[in-house]
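**Student:** Structure: upload_11.cif, mmCIF, C-alpha atoms and all ligand atoms; chains and numbers go by the auth columns.
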```
data_input
#
loop_
_atom_site.group_PDB
_atom_site.id
_atom_site.type_symbol
_atom_site.label_atom_id
_atom_site.label_comp_id
_atom_site.label_asym_id
_atom_site.label_seq_id
_atom_site.Cartn_x
_atom_site.Cartn_y
_atom_site.Cartn_z
_atom_site.B_iso_or_equiv
_atom_site.auth_seq_id
_atom_site.auth_asym_id
ATOM 1 C CA MET A 1 59.286 346.276 -53.147 0.00 1 V
ATOM 2 C CA ASN A 2 56.776 344.914 -50.580 0.00 2 V
ATOM 3 C CA LYS A 3 53.723 345.446 -52.767 0.00 3 V
ATOM 4 C CA GLU A 4 55.405 343.854 -55.739 0.00 4 V
ATOM 5 C CA ILE A 5 56.445 340.652 -53.949 0.00 5 V
ATOM 6 C CA ILE A 6 53.111 340.375 -52.108 0.00 6 V
ATOM 7 C CA GLN A 7 51.247 340.600 -55.418 0.00 7 V
ATOM 8 C CA LEU A 8 53.509 337.971 -56.895 0.00 8 V
ATOM 9 C CA TYR A 9 52.879 335.603 -53.980 0.00 9 V
ATOM 10 C CA LYS A 10 49.133 336.232 -54.061 0.00 10 V
ATOM 11 C CA ASN A 11 49.061 335.206 -57.712 0.00 11 V
ATOM 12 C CA PHE A 12 50.830 331.923 -56.986 0.00 12 V
ATOM 13 C CA ASP A 13 49.376 329.049 -58.995 0.00 13 V
ATOM 14 C CA ASN A 14 50.762 325.553 -58.505 0.00 14 V
ATOM 15 C CA ASN A 15 49.866 324.734 -62.119 0.00 15 V
ATOM 16 C CA LYS A 16 52.059 327.571 -63.335 0.00 16 V
ATOM 17 C CA LEU A 17 55.136 326.907 -61.232 0.00 17 V
ATOM 18 C CA PRO A 18 57.683 327.530 -64.040 0.00 18 V
ATOM 19 C CA LEU A 19 56.147 330.956 -64.720 0.00 19 V
ATOM 20 C CA PHE A 20 56.151 331.827 -60.996 0.00 20 V
ATOM 21 C CA PHE A 21 59.784 330.728 -60.741 0.00 21 V
ATOM 22 C CA GLU A 22 60.775 332.909 -63.706 0.00 22 V
ATOM 23 C CA LYS A 23 58.972 335.871 -62.123 0.00 23 V
ATOM 24 C CA LEU A 24 60.895 335.387 -58.864 0.00 24 V
ATOM 25 C CA ILE A 25 64.194 335.360 -60.775 0.00 25 V
ATOM 26 C CA LEU A 26 63.131 338.501 -62.640 0.00 26 V
ATOM 27 C CA PHE A 27 62.200 340.152 -59.310 0.00 27 V
ATOM 28 C CA ILE A 28 65.701 339.406 -57.983 0.00 28 V
ATOM 29 C CA ASN A 29 67.337 340.821 -61.118 0.00 29 V
ATOM 30 C CA ASN A 30 65.155 343.945 -60.992 0.00 30 V
ATOM 31 C CA HIS A 31 66.203 344.562 -57.376 0.00 31 V
ATOM 32 C CA ASP A 32 69.805 343.463 -57.817 0.00 32 V
ATOM 33 C CA LYS A 33 71.306 346.362 -55.835 0.00 33 V
ATOM 34 C CA ILE A 34 69.159 345.564 -52.797 0.00 34 V
ATOM 35 C CA PHE A 35 69.712 341.789 -52.949 0.00 35 V
ATOM 36 C CA ARG A 36 73.458 342.404 -53.223 0.00 36 V
ATOM 37 C CA LYS A 37 73.409 343.976 -49.733 0.00 37 V
ATOM 38 C CA TYR A 38 72.116 340.823 -48.052 0.00 38 V
ATOM 39 C CA ILE A 39 72.861 337.773 -50.209 0.00 39 V
ATOM 40 C CA LEU A 40 76.340 336.266 -50.687 0.00 40 V
ATOM 41 C CA GLU A 41 77.790 337.311 -54.019 0.00 41 V
ATOM 42 C CA ASP A 42 78.478 333.952 -55.696 0.00 42 V
ATOM 43 C CA SER A 43 75.039 332.623 -54.814 0.00 43 V
ATOM 44 C CA LEU A 44 73.307 335.735 -56.083 0.00 44 V
ATOM 45 C CA ASN A 45 75.276 335.848 -59.338 0.00 45 V
ATOM 46 C CA SER A 46 74.331 332.252 -60.003 0.00 46 V
ATOM 47 C CA ILE A 47 70.667 332.569 -58.997 0.00 47 V
ATOM 48 C CA GLU A 48 70.183 335.616 -61.227 0.00 48 V
ATOM 49 C CA GLN A 49 71.050 333.410 -64.221 0.00 49 V
ATOM 50 C CA PHE A 50 68.664 330.558 -63.283 0.00 50 V
ATOM 51 C CA LYS A 51 66.290 329.320 -66.004 0.00 51 V
ATOM 52 C CA GLU A 52 63.236 327.325 -64.998 0.00 52 V
ATOM 53 C CA SER A 53 64.016 324.621 -67.576 0.00 53 V
ATOM 54 C CA GLU A 54 67.336 323.810 -65.846 0.00 54 V
ATOM 55 C CA PHE A 55 65.683 322.558 -62.659 0.00 55 V
ATOM 56 C CA TYR A 56 63.223 319.971 -61.430 0.00 56 V
ATOM 57 C CA LEU A 57 60.637 322.306 -59.867 0.00 57 V
ATOM 58 C CA GLY A 58 58.349 321.459 -56.967 0.00 58 V
ATOM 59 C CA THR A 59 59.758 318.023 -56.079 0.00 59 V
ATOM 60 C CA THR A 60 59.517 318.549 -52.312 0.00 60 V
ATOM 61 C CA ASP A 61 56.599 317.787 -50.054 0.00 61 V
ATOM 62 C CA ASP A 62 56.287 321.498 -49.190 0.00 62 V
ATOM 63 C CA ASN A 63 52.849 323.013 -49.602 0.00 63 V
ATOM 64 C CA LEU A 64 54.086 325.806 -51.877 0.00 64 V
ATOM 65 C CA GLU A 65 50.643 327.323 -52.287 0.00 65 V
ATOM 66 C CA GLY A 66 50.222 327.552 -48.504 0.00 66 V
ATOM 67 C CA LEU A 67 53.722 329.017 -48.140 0.00 67 V
ATOM 68 C CA ALA A 68 53.125 331.668 -50.820 0.00 68 V
ATOM 69 C CA LEU A 69 49.794 332.644 -49.288 0.00 69 V
ATOM 70 C CA GLY A 70 51.358 332.851 -45.813 0.00 70 V
ATOM 71 C CA TYR A 71 54.247 334.991 -47.085 0.00 71 V
ATOM 72 C CA SER A 72 51.820 337.354 -48.853 0.00 72 V
ATOM 73 C CA GLU A 73 50.558 338.179 -45.319 0.00 73 V
ATOM 74 C CA THR A 74 53.800 338.141 -43.317 0.00 74 V
ATOM 75 C CA LEU A 75 55.732 340.304 -45.802 0.00 75 V
ATOM 76 C CA ILE A 76 53.341 343.260 -45.553 0.00 76 V
ATOM 77 C CA GLY A 77 55.492 345.001 -42.928 0.00 77 V
ATOM 78 C CA ALA A 78 58.773 343.328 -43.823 0.00 78 V
ATOM 79 C CA ASP A 79 62.009 345.226 -44.428 0.00 79 V
ATOM 80 C CA GLU A 80 64.339 344.765 -47.407 0.00 80 V
ATOM 81 C CA LYS A 81 66.495 342.210 -45.651 0.00 81 V
ATOM 82 C CA GLU A 82 63.541 339.973 -44.768 0.00 82 V
ATOM 83 C CA ILE A 83 62.174 340.147 -48.304 0.00 83 V
ATOM 84 C CA CYS A 84 65.525 339.232 -49.861 0.00 84 V
ATOM 85 C CA GLY A 85 66.011 336.309 -47.474 0.00 85 V
ATOM 86 C CA ASN A 86 62.457 335.131 -48.053 0.00 86 V
ATOM 87 C CA VAL A 87 62.686 335.184 -51.844 0.00 87 V
ATOM 88 C CA ILE A 88 66.008 333.289 -51.882 0.00 88 V
ATOM 89 C CA HIS A 89 64.461 330.754 -49.504 0.00 89 V
ATOM 90 C CA MET A 90 61.474 330.355 -51.810 0.00 90 V
ATOM 91 C CA ILE A 91 63.802 329.731 -54.776 0.00 91 V
ATOM 92 C CA TRP A 92 65.489 327.000 -52.703 0.00 92 V
ATOM 93 C CA ASP A 93 62.156 325.423 -51.747 0.00 93 V
ATOM 94 C CA ILE A 94 60.914 325.359 -55.342 0.00 94 V
ATOM 95 C CA ALA A 95 64.054 324.317 -57.197 0.00 95 V
ATOM 96 C CA THR A 96 65.996 322.010 -54.885 0.00 96 V
ATOM 97 C CA PHE A 97 65.441 318.386 -55.854 0.00 97 V
ATOM 98 C CA MET A 98 64.254 316.097 -53.089 0.00 98 V
ATOM 99 C CA THR A 99 65.408 312.465 -53.120 0.00 99 V
ATOM 100 C CA ASP A 100 63.583 309.394 -51.771 0.00 100 V
ATOM 101 C CA GLU A 101 66.420 308.990 -49.285 0.00 101 V
ATOM 102 C CA LEU A 102 65.564 309.626 -45.646 0.00 102 V
ATOM 103 C CA CYS A 103 68.084 311.789 -43.753 0.00 103 V
ATOM 104 C CA PRO A 104 70.413 309.363 -41.923 0.00 104 V
ATOM 105 C CA SER A 105 70.824 311.827 -39.056 0.00 105 V
ATOM 106 C CA CYS A 106 67.363 313.081 -38.059 0.00 106 V
ATOM 107 C CA GLN A 107 65.317 310.562 -40.070 0.00 107 V
ATOM 108 C CA ASP A 108 62.677 313.243 -40.206 0.00 108 V
ATOM 109 C CA ALA A 109 63.084 314.623 -43.743 0.00 109 V
ATOM 110 C CA ASN A 110 64.311 313.451 -47.129 0.00 110 V
ATOM 111 C CA LEU A 111 67.713 314.547 -48.389 0.00 111 V
ATOM 112 C CA LYS A 112 67.873 317.234 -51.063 0.00 112 V
ATOM 113 C CA ILE A 113 70.477 317.620 -53.784 0.00 113 V
ATOM 114 C CA ALA A 114 72.418 320.871 -53.772 0.00 114 V
ATOM 115 C CA SER A 115 75.447 322.246 -55.580 0.00 115 V
ATOM 116 C CA SER A 116 78.410 324.519 -54.971 0.00 116 V
ATOM 117 C CA THR A 117 78.024 327.901 -56.678 0.00 117 V
ATOM 118 C CA ASP A 118 80.669 326.959 -59.283 0.00 118 V
ATOM 119 C CA ARG A 119 78.756 323.708 -60.061 0.00 119 V
ATOM 120 C CA ASN A 120 81.865 321.605 -59.332 0.00 120 V
ATOM 121 C CA ASN A 121 80.553 319.873 -56.191 0.00 121 V
ATOM 122 C CA ILE A 122 77.271 318.098 -55.514 0.00 122 V
ATOM 123 C CA TYR A 123 75.916 317.691 -52.000 0.00 123 V
ATOM 124 C CA LYS A 124 73.107 315.888 -50.270 0.00 124 V
ATOM 125 C CA THR A 125 71.671 317.987 -47.501 0.00 125 V
ATOM 126 C CA CYS A 126 68.857 317.995 -44.957 0.00 126 V
ATOM 127 C CA ASP A 127 66.766 321.153 -44.517 0.00 127 V
ATOM 128 C CA ASN A 128 65.589 319.866 -41.166 0.00 128 V
ATOM 129 C CA CYS A 129 68.820 319.145 -39.253 0.00 129 V
ATOM 130 C CA LEU A 130 71.202 320.800 -41.772 0.00 130 V
ATOM 131 C CA ILE A 131 73.644 317.882 -42.118 0.00 131 V
ATOM 132 C CA THR A 132 75.458 317.861 -45.445 0.00 132 V
ATOM 133 C CA MET A 133 77.150 314.989 -47.256 0.00 133 V
ATOM 134 C CA GLU A 134 79.532 314.825 -50.198 0.00 134 V
ATOM 135 C CA ASN A 135 80.369 311.483 -51.835 0.00 135 V
ATOM 136 C CA GLY A 136 78.703 309.682 -48.932 0.00 136 V
ATOM 137 C CA GLN A 137 80.777 311.448 -46.262 0.00 137 V
ATOM 138 C CA PHE A 138 79.489 313.974 -43.720 0.00 138 V
ATOM 139 C CA ILE A 139 81.071 317.382 -44.299 0.00 139 V
ATOM 140 C CA GLU A 140 80.813 320.809 -42.712 0.00 140 V
ATOM 141 C CA ARG A 141 77.868 322.645 -44.254 0.00 141 V
ATOM 142 C CA PRO A 142 79.205 324.957 -47.014 0.00 142 V
ATOM 143 C CA LYS A 143 78.485 328.683 -46.545 0.00 143 V
ATOM 144 C CA GLU A 144 76.895 328.813 -49.959 0.00 144 V
ATOM 145 C CA MET A 145 74.786 326.179 -51.665 0.00 145 V
ATOM 146 C CA ILE A 146 72.391 326.451 -54.577 0.00 146 V
ATOM 147 C CA PRO A 147 69.884 323.986 -56.027 0.00 147 V
ATOM 148 C CA ALA A 148 71.446 321.318 -58.249 0.00 148 V
ATOM 149 C CA THR A 149 70.447 321.391 -61.907 0.00 149 V
ATOM 150 C CA LYS A 150 68.764 318.527 -63.798 0.00 150 V
ATOM 151 C CA GLU A 151 72.073 317.938 -65.526 0.00 151 V
ATOM 152 C CA GLN A 152 73.933 317.564 -62.216 0.00 152 V
ATOM 153 C CA ILE A 153 71.259 315.278 -60.767 0.00 153 V
ATOM 154 C CA ASN A 154 71.224 313.016 -63.813 0.00 154 V
ATOM 155 C CA SER A 155 74.988 312.670 -63.957 0.00 155 V
HETATM 156 ZN ZN ZN B . 68.144 315.576 -41.110 0.00 1 H
#
```
Spell out the structure here as structure tokens.

**Tutor:**
Amino acid sequence: MNKEIIQLYKNFDNNKLPLFFEKLILFINNHDKIFRKYILEDSLNSIEQFKESEFYLGTTDDNLEGLALGYSETLIGADEKEICGNVIHMIWDIATFMTDELCPSCQDANLKIASSTDRNNIYKTCDNCLITMENGQFIERPKEMIPATKEQINS
């Protein structure tokens, strides 16, 4: 599992982000039994069905290339749990749409658009201070959130 994910990260190419994203989803599906031990069920079931075309990829100011290169080093001695957490985090970083709106709480990051796992609720959330808003109101951060789709963002 380590070698496979490290190779994937080493081959990261910002110009081929959709392909990289699809490979991450395939990696999760191929290791479903392991991911199931560490990742909440509804999130995992949803993520395993993700298609690159459903999301706006790479809208954040994250240096994805730098992150992927860094992870290809740090994951060498990682255990299953760390790898699973890391990959799900990477999916979040790539696929979660970032708005132009500055976080009203920390004013240190832009709000991202997330969704409930059943796609019924849309949230704005801050990766920096973790505040979450729904319909303009602050709410308790849901246990599970996944990136919002293009369709949800455009609606
Ligand atoms: Zn914030």

**Student:** Give one line per residue of chain V that approaches ligand ZN 1 (chain H) to at most 12 Å, naming the two atoms of the closest pair and their distance in Å to one decimal, counting all atoms listed in the file; sort by chain then ascending residue number and deliver it as a Markdown table.

**Tutor:**
```
| residue | atom | partner | partner_atom | distance |
| --- | --- | --- | --- | --- |
| V:Glu101 | CA | H:ZN1 | ZN | 10.6 |
| V:Leu102 | CA | H:ZN1 | ZN | 7.9 |
| V:Cys103 | CA | H:ZN1 | ZN | 4.6 |
| V:Pro104 | CA | H:ZN1 | ZN | 6.7 |
| V:Ser105 | CA | H:ZN1 | ZN | 5.0 |
| V:Cys106 | CA | H:ZN1 | ZN | 4.0 |
| V:Gln107 | CA | H:ZN1 | ZN | 5.8 |
| V:Asp108 | CA | H:ZN1 | ZN | 6.0 |
| V:Ala109 | CA | H:ZN1 | ZN | 5.8 |
| V:Asn110 | CA | H:ZN1 | ZN | 7.4 |
| V:Leu111 | CA | H:ZN1 | ZN | 7.4 |
| V:Lys112 | CA | H:ZN1 | ZN | 10.1 |
| V:Lys124 | CA | H:ZN1 | ZN | 10.4 |
| V:Thr125 | CA | H:ZN1 | ZN | 7.7 |
| V:Cys126 | CA | H:ZN1 | ZN | 4.6 |
| V:Asp127 | CA | H:ZN1 | ZN | 6.7 |
| V:Asn128 | CA | H:ZN1 | ZN | 5.0 |
| V:Cys129 | CA | H:ZN1 | ZN | 4.1 |
| V:Leu130 | CA | H:ZN1 | ZN | 6.1 |
| V:Ile131 | CA | H:ZN1 | ZN | 6.0 |
| V:Thr132 | CA | H:ZN1 | ZN | 8.8 |
| V:Met133 | CA | H:ZN1 | ZN | 10.9 |
| V:Phe138 | CA | H:ZN1 | ZN | 11.8 |
```

**Student:** Translate the PyMOL selection byres (((chain V and resi 114) around 6) and not hetatm), as applied to the file shown, into an explicit residue set as a list in words.

**Tutor:**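 This file, filtered by the PyMOL selection byres (((chain V and resi 114) around 6) and not hetatm), leaves Ile113, Ser115, Ile122, Tyr123, Ile146, Pro147 and Ala148 of chain V.
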
**Student:** Residue by residue, what does the PyMOL selection byres (((chain V and resi 49-62) around 6) and not hetatm) grab here? Present the result as a VMD selection string.

**Tutor:** chain V and resid 18 46 to 48 63 to 64 94 to 95 97 to 98 149 to 150

**Student:** Please produce an output containing C-alpha atoms for each residue in the selection, written as a compact mmCIF listing (two decimals), keeping the file's coordinate frame.

**Tutor:**
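Output saved as selection.txt:
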```
# COMPACT_ATOMS: atom_id res chain seq x y z
CA PRO V 18 57.68 327.53 -64.04
CA SER V 46 74.33 332.25 -60.00
CA ILE V 47 70.67 332.57 -59.00
CA GLU V 48 70.18 335.62 -61.23
CA ASN V 63 52.85 323.01 -49.60
CA LEU V 64 54.09 325.81 -51.88
CA ILE V 94 60.91 325.36 -55.34
CA ALA V 95 64.05 324.32 -57.20
CA PHE V 97 65.44 318.39 -55.85
CA MET V 98 64.25 316.10 -53.09
CA THR V 149 70.45 321.39 -61.91
CA LYS V 150 68.76 318.53 -63.80
```

**Student:** Hey, can I get the axis-aligned box for stretch 24-34 of chain V? All listed atoms, 6 Å padding on each side, centre and edge lengths in Å to one decimal, as AutoDock Vina command-line options.

**Tutor:**
```
--center_x 66.1 --center_y 340.9 --center_z -57.7 --size_x 22.4 --size_y 23.0 --size_z 21.8
```

**Student:** Taking the file as shown, what set of residues would the PyMOL selection byres (((chain V and resi 72) around 9) and not hetatm) give back, as a list in words?

**Tutor:**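 Evaluating the PyMOL selection byres (((chain V and resi 72) around 9) and not hetatm) on these coordinates yields Ile5, Ile6, Gln7, Leu8, Tyr9, Lys10, Leu67, Ala68, Leu69, Gly70, Tyr71, Glu73, Thr74, Leu75 and Ile76 of chain V.
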
**Student:** Find the distance between atom CA of V:Ile88 and atom CA of V:Thr117 and write it in Å to one decimal.

**Tutor:**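 Atom-to-atom, atom CA of V:Ile88 to atom CA of V:Thr117, that is 14.0 Å.
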
**Student:** Between V:Met1, V:Ala78, V:Val87, V:Leu40, which has the minimum distance to V:Ile25 (counting all atoms listed in the file)?

**Tutor:**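 Checking each of V:Met1, V:Ala78, V:Val87, V:Leu40 against V:Ile25, counting all atoms listed in the file, the winner is V:Val87.
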
**Student:** Mind pulling up the distance from atom CA of V:Asp42 to atom CA of V:Arg119?

**Tutor:**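 About the pair atom CA of V:Arg119 and atom CA of V:Asp42: they are 11.1 Å apart.
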
**Student:** Record the distance separating atom CA of V:Lys23 and atom CA of V:Glu151, expressed in Å with one decimal.

**Tutor:** 22.5 Å

**Student:** From the list V:Glu4, V:Glu80, V:Glu65, V:Asp93, which residue is nearest V:Ile39 when using only C-alpha atoms?

**Tutor:**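 Looking only at the distances to V:Ile39, the closest residue turns out to be V:Glu80.
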
**Student:** I'd like to know which of V:Phe35, V:Ile91, V:Arg141, V:Asn135 is closest to V:Leu17, using all atoms listed in the file.

**Tutor:**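 Nearest candidate to V:Leu17 out of V:Phe35, V:Ile91, V:Arg141, V:Asn135: V:Ile91.
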
**Student:** Pick the closest to V:Ile34 from V:Asp100, V:Asp118, V:Glu134, V:Asp79: which is it, counting all atoms listed in the file?

**Tutor:**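 Result for the nearest residue to V:Ile34: V:Asp79.
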
**Student:** Counting all atoms listed in the file, which residue out of V:Tyr38, V:Asp13, V:Asn121, V:Leu19 sits closest to V:Asn86?

**Tutor:**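 Closest to V:Asn86 of all the choices is V:Tyr38.
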
**Student:** Rebuild stretch 78-89 of chain V so that it carries N, CA and C atoms, then output the result as a tab-separated table (two decimals), in the frame of the given file.

**Tutor:**
```tsv
chain	number	residue	atom	x	y	z
V	78	ALA	N	57.38	343.79	-43.83
V	78	ALA	CA	58.77	343.33	-43.82
V	78	ALA	C	59.74	344.38	-44.36
V	79	ASP	N	60.99	344.33	-43.87
V	79	ASP	CA	62.01	345.23	-44.43
V	79	ASP	C	62.73	344.52	-45.58
V	80	GLU	N	63.61	345.27	-46.23
V	80	GLU	CA	64.34	344.76	-47.41
V	80	GLU	C	65.03	343.44	-47.13
V	81	LYS	N	65.70	343.39	-45.98
V	81	LYS	CA	66.50	342.21	-45.65
V	81	LYS	C	65.62	340.97	-45.56
V	82	GLU	N	64.47	341.10	-44.90
V	82	GLU	CA	63.54	339.97	-44.77
V	82	GLU	C	63.02	339.52	-46.13
V	83	ILE	N	62.70	340.49	-46.98
V	83	ILE	CA	62.17	340.15	-48.30
V	83	ILE	C	63.23	339.39	-49.11
V	84	CYS	N	64.45	339.89	-49.10
V	84	CYS	CA	65.53	339.23	-49.86
V	84	CYS	C	65.73	337.81	-49.36
V	85	GLY	N	65.82	337.63	-48.05
V	85	GLY	CA	66.01	336.31	-47.47
V	85	GLY	C	64.86	335.39	-47.83
V	86	ASN	N	63.66	335.91	-47.76
V	86	ASN	CA	62.46	335.13	-48.05
V	86	ASN	C	62.43	334.64	-49.50
V	87	VAL	N	62.75	335.53	-50.42
V	87	VAL	CA	62.69	335.18	-51.84
V	87	VAL	C	63.75	334.12	-52.18
V	88	ILE	N	64.95	334.27	-51.63
V	88	ILE	CA	66.01	333.29	-51.88
V	88	ILE	C	65.60	331.93	-51.30
V	89	HIS	N	64.97	331.96	-50.14
V	89	HIS	CA	64.46	330.75	-49.50
V	89	HIS	C	63.40	330.08	-50.38
```
